Amino acid sequence: MDVVLDDRLLIEELLVGLDRRNAQLHTTSYWYYRACRAAVAGAGGHLSGPFRELPPAEQGRAIASMLQLPEEIGLPRPRDVVPIMVRVAGRHPALNVLNLEAVATAHLLHATVWLSPRGATGMLPHVLGAEGLTWETIKPN
């Protein structure tokens with residue numbers, strides 16, 4: 001089963017691991033960027049909080065793990081995702097680019113989207129459902 005992780009769950013996977021349930025993990029460029037930005041320049045919020053909770057010696061390792069995305073976590077090529085984003089934007093013109101990329105990536109990979117509880121609020125779950133895509137809320141450890 002292919003799964004697309006949101007930014008918070010990507011952080012969780014890299015810091016402590018997720019229950020993968022035999023899933024092949026992927027993420028999007030924007031979610032990966034937001035996770036890296038939270039690691040490097042975060043202020044202790046929803047995304048950067050997990051890094052600030054680590055002892056100082058472990059923070060450096062955690063940040064390095066974000067900046068070197070493991071090969072086993074898929075990151076689809078923009079040349080494959082962008083045309084799908086354009087089609088999705090035509091059907092959902094109010095959707096922002098971050099969410100367009102998530103929907104397009106799920107379409108491209110025929111994947112389920114795993115959203116953190118905070119990520120499951122807002123418009124993305126509605127659009128995923130309207131697009132016939134599956135999603136689940138996964139609580140970080």
# chains A, B, ... in the order shown; residues from 1 in each chain; ligands from 1
>>> select_by_dssp(residues="chain A", states="strand (DSSP E)", output="MDAnalysis selection string")
chainID A and resid 2:5 24:26 112:115 135:137
>>> residues_around(residues="A:Gly17", least_positions_apart="6", cutoff="12 Å", atoms="only C-alpha atoms", output="list in words")
Arg8, Leu9, Leu10, Ile11, Leu25, Pro140 and Asn141 of chain A
>>> write_last_selection(atoms="all heavy atoms", output="mmCIF file, in the first residue's frame")
data_model
loop_
_atom_site.group_PDB
_atom_site.id
_atom_site.type_symbol
_atom_site.label_atom_id
_atom_site.label_comp_id
_atom_site.auth_asym_id
_atom_site.auth_seq_id
_atom_site.Cartn_x
_atom_site.Cartn_y
_atom_site.Cartn_z
ATOM 1 N N ARG A 8 3.707 16.818 9.349
ATOM 2 C CA ARG A 8 3.853 16.414 10.764
ATOM 3 C C ARG A 8 4.155 14.927 10.884
ATOM 4 O O ARG A 8 4.967 14.520 11.713
ATOM 5 C CB ARG A 8 2.589 16.800 11.548
ATOM 6 C CG ARG A 8 2.623 16.399 13.011
ATOM 7 C CD ARG A 8 3.788 17.053 13.752
ATOM 8 N NE ARG A 8 3.886 16.605 15.116
ATOM 9 C CZ ARG A 8 4.583 15.545 15.533
ATOM 10 N NH1 ARG A 8 5.241 14.783 14.671
ATOM 11 N NH2 ARG A 8 4.628 15.227 16.805
ATOM 12 N N LEU A 9 3.519 14.106 10.070
ATOM 13 C CA LEU A 9 3.779 12.667 10.131
ATOM 14 C C LEU A 9 5.128 12.318 9.528
ATOM 15 O O LEU A 9 5.768 11.354 9.955
ATOM 16 C CB LEU A 9 2.641 11.893 9.462
ATOM 17 C CG LEU A 9 1.300 12.014 10.201
ATOM 18 C CD1 LEU A 9 0.199 11.320 9.413
ATOM 19 C CD2 LEU A 9 1.388 11.455 11.616
ATOM 20 N N LEU A 10 5.594 13.089 8.558
ATOM 21 C CA LEU A 10 6.951 12.901 8.046
ATOM 22 C C LEU A 10 7.958 13.139 9.164
ATOM 23 O O LEU A 10 8.898 12.353 9.345
ATOM 24 C CB LEU A 10 7.208 13.841 6.871
ATOM 25 C CG LEU A 10 8.622 13.822 6.295
ATOM 26 C CD1 LEU A 10 8.983 12.441 5.744
ATOM 27 C CD2 LEU A 10 8.763 14.888 5.220
ATOM 28 N N ILE A 11 7.764 14.196 9.922
ATOM 29 C CA ILE A 11 8.643 14.474 11.061
ATOM 30 C C ILE A 11 8.603 13.308 12.045
ATOM 31 O O ILE A 11 9.638 12.841 12.519
ATOM 32 C CB ILE A 11 8.239 15.802 11.737
ATOM 33 C CG1 ILE A 11 8.582 16.985 10.820
ATOM 34 C CG2 ILE A 11 8.907 15.952 13.105
ATOM 35 C CD1 ILE A 11 7.976 18.307 11.251
ATOM 36 N N LEU A 25 6.080 4.504 2.141
ATOM 37 C CA LEU A 25 5.853 5.903 2.489
ATOM 38 C C LEU A 25 6.363 6.857 1.415
ATOM 39 O O LEU A 25 7.422 6.629 0.823
ATOM 40 C CB LEU A 25 6.530 6.233 3.821
ATOM 41 C CG LEU A 25 6.120 5.362 5.011
ATOM 42 C CD1 LEU A 25 6.875 5.786 6.262
ATOM 43 C CD2 LEU A 25 4.614 5.403 5.240
ATOM 44 N N PRO A 140 0.320 11.180 15.895
ATOM 45 C CA PRO A 140 1.738 10.972 16.184
ATOM 46 C C PRO A 140 1.903 10.335 17.565
ATOM 47 O O PRO A 140 1.044 10.520 18.444
ATOM 48 C CB PRO A 140 2.341 12.378 16.157
ATOM 49 C CG PRO A 140 1.382 13.201 15.368
ATOM 50 C CD PRO A 140 0.025 12.592 15.621
ATOM 51 N N ASN A 141 2.998 9.623 17.754
ATOM 52 C CA ASN A 141 3.246 8.956 19.048
ATOM 53 C C ASN A 141 3.341 9.935 20.188
ATOM 54 O O ASN A 141 3.733 11.008 20.126
ATOM 55 C CB ASN A 141 4.530 8.135 18.977
ATOM 56 C CG ASN A 141 4.393 7.014 17.970
ATOM 57 O OD1 ASN A 141 3.325 6.441 17.827
ATOM 58 N ND2 ASN A 141 5.460 6.713 17.272
#
>>> select_by_dssp(residues="stretch 9-133 of chain A", states="helix (DSSP H, G or I)", output="ChimeraX atom specification")
/A:9-15,29-41,49-52,56-67,78-91,97-109,124-130
>>> atom_distance(atom1="atom CA of A:Arg61", atom2="atom CA of A:Glu13")
13.9 Å
>>> residues_around(residues="A:His107", least_positions_apart="6", cutoff="9 Å", atoms="only C-alpha atoms", output="PyMOL selection string")
chain A and resi 81+84+131+133
>>> atom_distance(atom1="atom CA of A:Val103", atom2="atom CA of A:Arg20")
20.5 Å
>>> closest_atom_pairs(of="stretch 52-130 of chain A", to="stretch 30-38 of chain A", cutoff="10 Å", atoms="only C-alpha atoms", output="Markdown table")
| residue | atom | partner | partner_atom | distance |
| --- | --- | --- | --- | --- |
| A:Arg52 | CA | A:Ala38 | CA | 9.9 |
| A:Ile63 | CA | A:Cys36 | CA | 7.4 |
| A:Ala64 | CA | A:Cys36 | CA | 9.2 |
| A:Ser65 | CA | A:Cys36 | CA | 9.2 |
| A:Met66 | CA | A:Cys36 | CA | 5.6 |
| A:Leu67 | CA | A:Cys36 | CA | 6.3 |
| A:Gln68 | CA | A:Cys36 | CA | 9.6 |
| A:Leu69 | CA | A:Tyr32 | CA | 8.5 |
| A:Leu75 | CA | A:Tyr32 | CA | 8.6 |
| A:Val97 | CA | A:Tyr30 | CA | 8.5 |
| A:Leu98 | CA | A:Tyr30 | CA | 5.9 |
| A:Asn99 | CA | A:Tyr30 | CA | 8.9 |
| A:Glu101 | CA | A:Tyr30 | CA | 7.6 |
| A:Ala102 | CA | A:Trp31 | CA | 8.4 |
>>> closest_residue(among="A:Ala89, A:Leu18, A:Val3, A:Ile73", to="A:Ala106", atoms="only C-alpha atoms")
A:Val3
>>> residues_around(residues="A:Asp80", least_positions_apart="4", cutoff="9 Å", atoms="only C-alpha atoms", output="count of residues only")
4
>>> closest_residue(among="A:Gly90, A:Asp6, A:Glu72, A:Leu15", to="A:Leu54", atoms="only C-alpha atoms")
A:Leu15
